[in-house]
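Quick look at input-v4.txt (compact mmCIF, C-alpha atoms):
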```txt
# COMPACT_ATOMS: atom_id res chain seq x y z
CA MET A 1 -4.26 5.35 38.97
CA ASP A 2 -4.39 8.56 41.00
CA LEU A 3 -4.47 10.64 37.83
CA LEU A 4 -7.25 8.52 36.36
CA ALA A 5 -9.23 8.87 39.59
CA GLU A 6 -8.80 12.67 39.44
CA ILE A 7 -10.09 12.83 35.86
CA GLU A 8 -12.90 10.29 36.28
CA ALA A 9 -14.15 12.29 39.25
CA ARG A 10 -14.36 15.46 37.20
CA ILE A 11 -16.23 13.73 34.39
CA ASP A 12 -19.06 12.75 36.73
CA PHE A 13 -18.83 15.39 39.46
CA GLU A 14 -17.17 18.41 37.80
CA GLU A 15 -19.43 20.94 39.51
CA ASP A 16 -18.45 19.66 42.96
CA LEU A 17 -14.68 19.82 42.41
CA PRO A 18 -12.10 22.55 41.70
CA PRO A 19 -10.63 22.78 38.16
CA LEU A 20 -7.99 20.18 37.28
CA ASP A 21 -4.42 21.47 37.31
CA GLU A 22 -3.37 20.46 33.79
CA ALA A 23 0.26 21.54 34.23
CA LYS A 24 0.61 19.37 37.35
CA THR A 25 -1.04 16.44 35.54
CA CYS A 26 1.44 16.70 32.66
CA LEU A 27 4.31 16.95 35.13
CA GLU A 28 3.22 13.75 36.87
CA ILE A 29 2.79 11.92 33.56
CA ASN A 30 6.26 13.00 32.47
CA HIS A 31 7.64 11.73 35.78
CA VAL A 32 6.13 8.29 35.09
CA LEU A 33 7.45 8.44 31.52
CA HIS A 34 10.96 9.07 32.86
CA GLU A 35 10.67 6.09 35.21
CA LEU A 36 9.45 3.89 32.36
CA SER A 37 12.36 4.95 30.17
CA THR A 38 14.80 4.13 32.97
CA ILE A 39 13.32 0.66 33.44
CA LEU A 40 13.14 0.00 29.70
CA ALA A 41 16.87 0.73 29.51
CA THR A 42 17.42 -2.49 31.49
CA ALA A 43 15.87 -4.64 28.75
CA ASP A 44 19.17 -5.02 26.91
CA ARG A 45 20.93 -5.72 30.20
CA GLY A 46 18.40 -8.46 30.86
CA GLU A 47 19.31 -9.99 27.53
CA LEU A 48 23.00 -9.69 28.42
CA LEU A 49 22.43 -11.39 31.77
CA ARG A 50 20.69 -14.26 30.01
CA SER A 51 22.85 -14.76 26.93
CA GLY A 52 26.13 -13.15 28.00
CA LEU A 53 28.64 -11.06 26.08
CA LYS A 54 30.80 -12.62 23.40
CA VAL A 55 34.28 -11.08 23.31
CA ALA A 56 36.91 -11.96 20.69
CA ILE A 57 40.63 -11.36 21.24
CA VAL A 58 42.18 -10.75 17.82
CA GLY A 59 45.54 -9.60 16.52
CA ARG A 60 48.68 -10.64 14.70
CA PRO A 61 50.51 -13.83 15.77
CA ASN A 62 52.62 -13.63 18.92
CA VAL A 63 51.20 -10.36 20.29
CA GLY A 64 50.17 -12.08 23.52
CA LYS A 65 46.52 -12.96 22.90
CA SER A 66 46.79 -16.34 24.61
CA SER A 67 48.74 -14.85 27.52
CA LEU A 68 45.96 -12.29 27.89
CA LEU A 69 43.32 -15.02 28.00
CA ASN A 70 45.32 -17.01 30.57
CA ALA A 71 45.86 -13.96 32.78
CA TRP A 72 42.23 -12.94 32.51
CA SER A 73 40.82 -16.41 33.21
CA LYS A 74 43.54 -17.17 35.80
CA SER A 75 44.20 -20.48 34.09
CA ASP A 76 46.31 -22.06 31.35
CA ARG A 77 43.49 -22.32 28.86
CA ALA A 78 45.70 -21.46 25.90
CA ILE A 79 49.15 -22.69 24.92
CA VAL A 80 51.74 -19.93 25.16
CA THR A 81 55.12 -20.05 23.36
CA ASP A 82 57.49 -17.61 21.69
CA LEU A 83 56.65 -19.14 18.33
CA PRO A 84 54.09 -17.23 16.22
CA GLY A 85 51.05 -19.19 15.10
CA THR A 86 50.81 -21.43 18.17
CA THR A 87 47.04 -20.98 18.42
CA ARG A 88 45.47 -22.77 15.47
CA ASP A 89 41.82 -22.71 16.58
CA VAL A 90 39.45 -20.60 18.67
CA VAL A 91 39.93 -21.21 22.42
CA GLU A 92 36.99 -20.32 24.65
CA SER A 93 36.79 -19.33 28.30
CA GLN A 94 33.74 -18.38 30.39
CA LEU A 95 34.16 -15.40 32.72
CA VAL A 96 31.96 -12.98 34.66
CA VAL A 97 32.61 -9.23 34.43
CA GLY A 98 30.50 -6.89 36.55
CA GLY A 99 27.81 -9.56 36.90
CA ILE A 100 27.65 -10.12 33.12
CA PRO A 101 28.62 -13.55 31.75
CA VAL A 102 31.41 -13.15 29.20
CA GLN A 103 32.45 -15.73 26.65
CA VAL A 104 36.04 -14.92 25.71
CA LEU A 105 37.38 -16.22 22.41
CA ASP A 106 41.14 -16.40 21.96
CA THR A 107 41.66 -16.57 18.20
CA ALA A 108 44.49 -17.60 15.95
CA GLY A 109 46.82 -14.81 14.87
CA ILE A 110 45.53 -13.20 11.71
CA ARG A 111 48.07 -13.14 8.90
CA GLU A 112 48.59 -14.41 5.38
CA THR A 113 49.89 -17.98 5.51
CA GLU A 114 50.38 -21.00 3.26
CA ASP A 115 49.99 -23.44 6.15
CA LYS A 116 46.65 -25.17 5.54
CA VAL A 117 45.87 -25.73 9.22
CA GLU A 118 46.85 -22.20 10.25
CA LYS A 119 44.84 -20.79 7.33
CA ILE A 120 41.71 -22.51 8.68
CA GLY A 121 42.43 -21.00 12.10
CA VAL A 122 42.81 -17.52 10.59
CA GLU A 123 39.46 -17.83 8.81
CA ARG A 124 37.83 -18.92 12.07
CA SER A 125 39.40 -15.90 13.77
CA ARG A 126 37.86 -13.56 11.21
CA ALA A 127 34.48 -15.27 11.64
CA ALA A 128 34.72 -14.99 15.44
CA ALA A 129 35.47 -11.25 15.17
CA LYS A 130 32.40 -10.73 12.98
CA GLN A 131 30.12 -12.61 15.40
CA ALA A 132 31.51 -11.09 18.61
CA ASP A 133 29.68 -8.39 20.55
CA LEU A 134 33.03 -6.79 21.38
CA VAL A 135 36.48 -7.11 19.79
CA LEU A 136 39.76 -6.74 21.68
CA LEU A 137 42.41 -5.83 19.09
CA THR A 138 45.74 -6.69 20.69
CA ILE A 139 49.03 -5.24 19.48
CA ASP A 140 52.65 -5.78 20.52
CA ALA A 141 54.16 -2.79 22.34
CA GLU A 142 57.65 -3.73 21.09
CA SER A 143 56.61 -3.86 17.44
CA GLY A 144 54.28 -0.89 17.70
CA TRP A 145 51.52 -0.36 15.15
CA THR A 146 52.36 -2.33 12.01
CA GLU A 147 50.89 -2.79 8.58
CA GLY A 148 49.53 -6.13 9.78
CA ASP A 149 47.69 -4.34 12.60
CA SER A 150 46.24 -1.89 10.08
CA GLU A 151 44.94 -4.75 7.92
CA ILE A 152 43.23 -6.38 10.91
CA TYR A 153 41.91 -3.01 12.08
CA GLU A 154 40.23 -2.44 8.72
CA GLN A 155 38.35 -5.71 9.20
CA VAL A 156 37.11 -4.96 12.74
CA LYS A 157 36.94 -1.15 13.00
CA HIS A 158 33.18 -1.11 12.52
CA ARG A 159 32.68 -3.45 15.49
CA PRO A 160 32.58 -2.32 19.14
CA LEU A 161 36.33 -2.24 19.71
CA ILE A 162 38.91 -1.93 22.48
CA ILE A 163 42.63 -1.63 21.66
CA ILE A 164 45.05 -3.48 23.96
CA ILE A 165 48.72 -2.56 23.84
CA ASN A 166 50.32 -5.68 25.32
CA LYS A 167 53.88 -6.39 26.52
CA ILE A 168 54.08 -2.84 27.86
CA ASP A 169 56.63 -4.11 30.40
CA LEU A 170 59.17 -4.58 27.59
CA VAL A 171 59.23 -0.95 26.42
CA ASN A 172 59.95 2.46 27.92
CA THR A 173 57.40 4.41 25.93
CA ILE A 174 53.91 3.60 24.71
CA PRO A 175 53.84 3.24 20.92
CA GLU A 176 51.79 5.73 18.94
CA LEU A 177 48.57 4.63 17.29
CA PRO A 178 46.95 6.10 14.15
CA PHE A 179 43.93 7.24 16.19
CA SER A 180 43.16 8.59 19.65
CA SER A 181 41.47 7.01 22.65
CA VAL A 182 38.42 9.13 21.81
CA ILE A 183 37.76 6.84 18.83
CA HIS A 184 38.50 3.55 20.61
CA PRO A 185 39.36 2.85 24.26
CA ILE A 186 43.07 2.04 24.60
CA ILE A 187 44.33 -0.23 27.38
CA THR A 188 47.96 -0.95 28.24
CA ALA A 189 48.74 -4.40 29.58
CA ALA A 190 51.48 -6.85 30.46
CA ALA A 191 49.57 -10.09 30.28
CA ALA A 192 52.59 -12.19 31.27
CA LEU A 193 52.69 -10.22 34.55
CA ASP A 194 48.88 -10.17 35.02
CA ARG A 195 48.86 -6.40 34.58
CA GLY A 196 46.06 -4.47 32.92
CA ILE A 197 43.22 -6.97 33.49
CA GLU A 198 41.32 -4.69 35.88
CA ASP A 199 41.58 -1.78 33.40
CA LEU A 200 40.37 -4.09 30.64
CA GLU A 201 37.28 -5.14 32.61
CA THR A 202 36.52 -1.49 33.41
CA ALA A 203 36.77 -0.63 29.70
CA ILE A 204 34.44 -3.51 28.83
CA LEU A 205 31.81 -2.35 31.34
CA ASN A 206 32.16 1.20 30.02
CA ALA A 207 31.66 -0.11 26.48
CA VAL A 208 28.53 -1.95 27.61
CA SER A 209 27.16 1.18 29.28
CA GLY A 210 28.02 3.25 26.23
CA GLY A 211 25.93 0.89 24.09
CA ASN A 212 22.63 2.35 25.38
CA LEU A 213 22.66 -0.04 28.33
CA HIS A 214 22.47 2.82 30.77
CA ALA A 215 21.22 0.63 33.58
CA ALA A 216 24.35 -1.53 33.67
CA ASN A 217 24.50 -1.16 37.49
CA SER A 218 20.77 -1.44 38.01
CA ASP A 219 19.32 -3.84 40.56
CA LEU A 220 16.75 -5.07 38.05
CA ALA A 221 16.51 -6.20 34.47
CA ILE A 222 13.28 -6.80 32.58
CA ASN A 223 12.54 -9.51 30.06
CA GLN A 224 11.14 -9.11 26.54
CA ARG A 225 7.49 -9.59 27.57
CA GLN A 226 7.79 -6.95 30.28
CA ALA A 227 9.60 -4.61 27.89
CA ALA A 228 6.76 -4.94 25.34
CA ALA A 229 4.14 -4.14 28.00
CA LEU A 230 6.09 -1.17 29.35
CA THR A 231 6.60 0.15 25.82
CA ARG A 232 2.84 0.08 25.23
CA GLY A 233 2.35 1.91 28.51
CA LYS A 234 4.92 4.51 27.51
CA ILE A 235 3.20 5.08 24.16
CA SER A 236 -0.19 5.51 25.87
CA LEU A 237 1.21 8.10 28.28
CA GLU A 238 2.86 9.99 25.42
CA GLN A 239 -0.48 9.99 23.62
CA CYS A 240 -2.10 11.31 26.79
CA THR A 241 0.25 14.29 26.91
CA ASP A 242 -0.63 15.00 23.26
CA THR A 243 -4.32 14.73 24.13
CA ILE A 244 -3.91 17.27 26.92
CA SER A 245 -1.91 19.62 24.67
CA ASN A 246 -4.67 19.47 22.04
CA LYS A 247 -7.27 20.46 24.68
CA LEU A 248 -9.41 17.39 24.06
CA PRO A 249 -12.18 16.46 26.56
CA PHE A 250 -11.45 14.47 29.72
CA ASP A 251 -12.96 11.34 28.19
CA PHE A 252 -10.03 11.16 25.76
CA TRP A 253 -7.57 11.49 28.63
CA THR A 254 -9.05 8.50 30.38
CA ILE A 255 -8.74 6.32 27.27
CA ASP A 256 -4.98 6.88 27.16
CA LEU A 257 -4.54 6.54 30.91
CA ARG A 258 -6.52 3.30 31.02
CA GLY A 259 -4.39 1.97 28.17
CA ALA A 260 -1.22 2.81 30.14
CA ILE A 261 -2.58 1.28 33.36
CA GLN A 262 -3.64 -1.89 31.57
CA ALA A 263 -0.16 -2.25 30.04
CA LEU A 264 1.58 -1.64 33.36
CA GLY A 265 -0.82 -4.07 35.02
CA GLU A 266 0.61 -6.82 32.82
CA VAL A 267 3.89 -6.25 34.64
CA THR A 268 2.60 -5.60 38.18
CA GLY A 269 -0.27 -8.08 38.06
CA GLU A 270 -2.87 -5.44 38.94
CA GLU A 271 -6.14 -4.88 37.08
CA VAL A 272 -8.28 -1.75 36.74
CA THR A 273 -11.65 -2.74 38.17
CA GLU A 274 -13.39 -1.05 41.08
CA SER A 275 -10.08 0.29 42.34
CA VAL A 276 -10.53 3.55 40.42
CA LEU A 277 -13.95 4.13 41.96
CA ASP A 278 -12.53 3.28 45.37
CA ARG A 279 -9.85 5.92 44.90
CA ILE A 280 -12.41 8.51 43.77
CA PHE A 281 -14.60 8.11 46.83
CA SER A 282 -11.71 7.78 49.27
CA ARG A 283 -10.02 10.94 48.00
CA PHE A 284 -12.93 13.24 47.23
CA CYS A 285 -15.68 12.09 49.64
CA ILE A 286 -18.20 12.43 46.80
CA GLY A 287 -21.73 11.21 47.57
CA LYS A 288 -21.32 11.38 51.33
```
Encoded form (structure tokens):
Amino acid sequence: MDLLAEIEARIDFEEDLPPLDEAKTCLEINHVLHELSTILATADRGELLRSGLKVAIVGRPNVGKSSLLNAWSKSDRAIVTDLPGTTRDVVESQLVVGGIPVQVLDTAGIRETEDKVEKIGVERSRAAAKQADLVLLTIDAESGWTEGDSEIYEQVKHRPLIIIINKIDLVNTIPELPFSSVIHPIITAAAALDRGIEDLETAILNAVSGGNLHAANSDLAINQRQAAALTRGKISLEQCTDTISNKLPFDFWTIDLRGAIQALGEVTGEEVTESVLDRIFSRFCIGK
């Protein structure tokens, strides 16, 4: 609004005012553009806050997926035994991590099987992994990385992925993996002892932030309507900087600035009416 007032004043009263500092004007527009970009980054977080994050725990049978869910949810949501293939269906639990609702899916162990019921569970596990926003591939520290882990990894490696080495309390050394933590975050855990949950939640929040949700710790989150309005405002301001660079007349500047103000007004509730004229006369004392 202040920039528009500056330019409007020079359109009508250019002889009475000093030349406009174009460099300062561009600097101020870029400052607003930066603020808009920061706020727009919260749009995805707003969607996360509304719909939540779907996380699937996958892995071979008996690697401790159900124990991980129970430790994480602080409940006995899933049946835990030493027998592989105990989980035959997808077990859900609702959690909150860093203010973000998280739907955790404990899936049946993925392996080739002739058991009809277990086979259905395995197919549901694969489907859950495909639909999840984030996959937690869990492996057994005692067994290390196996061919079965490689087969599952091939199915989920293109998804946002965190590797969990579970049962770390049963080994003296951490097993080697066929990739580094640079490719996928790697967490060590002992789910039966409730160890590693805090590190897991930190890794999840880091994964969320790394997914272009840079405002994961922001105090605000905009909705889709607000995001659309702010995007239009951002485009208008970018066009204004182009207009200034191309040395077009002030009238063209005001078109872009009014477009930006109108878009931002849809978010703030303000309208451009006599307020621009009020700012002109209050700042420049023109006509007095």
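Candidate residues A:Ala71, A:Ala260, A:Leu40, A:Ala56 were compared for distance to Ile163 of chain A, and the nearest is A:Ala56, using all atoms listed in the file.
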Open item on the list: Given only C-alpha atoms as the basis, pick out the residue of A:Glu28, A:Asp106, A:Asp140, A:Asp2 nearest to Ile164 of chain A.
Closed with: A:Asp140
Open item on the list: Here is a test: counting all atoms listed in the file, which residue of A:Leu170, A:Val208, A:Leu69, A:Ile162 is nearest to Val182 of chain A?
Closed with: A:Ile162
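One finds atom CA of Thr173 of chain A at 20.4 Å from atom CA of Ser150 of chain A.
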- [ ] Would you mind listing what lies within 7 Å of Ile174 of chain A as number ranges by chain, with all atoms listed in the file counted and same-chain residues fewer than 2 positions away left out?
- [x] A: 141, 172, 176
Open item on the list: Using only C-alpha atoms - which residues lie no farther than 7 Å from the point (42.7, -4.0, 18.5) in the file's frame? Write them as an NGL selection string.
Closed with: :A and (58-59 or 136-139 or 153 or 161-164)
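Of the listed residues (A:Met1, A:Val156, A:Ala23, A:Leu33), A:Met1 comes nearest to Gln262 of chain A; the distances count only C-alpha atoms.
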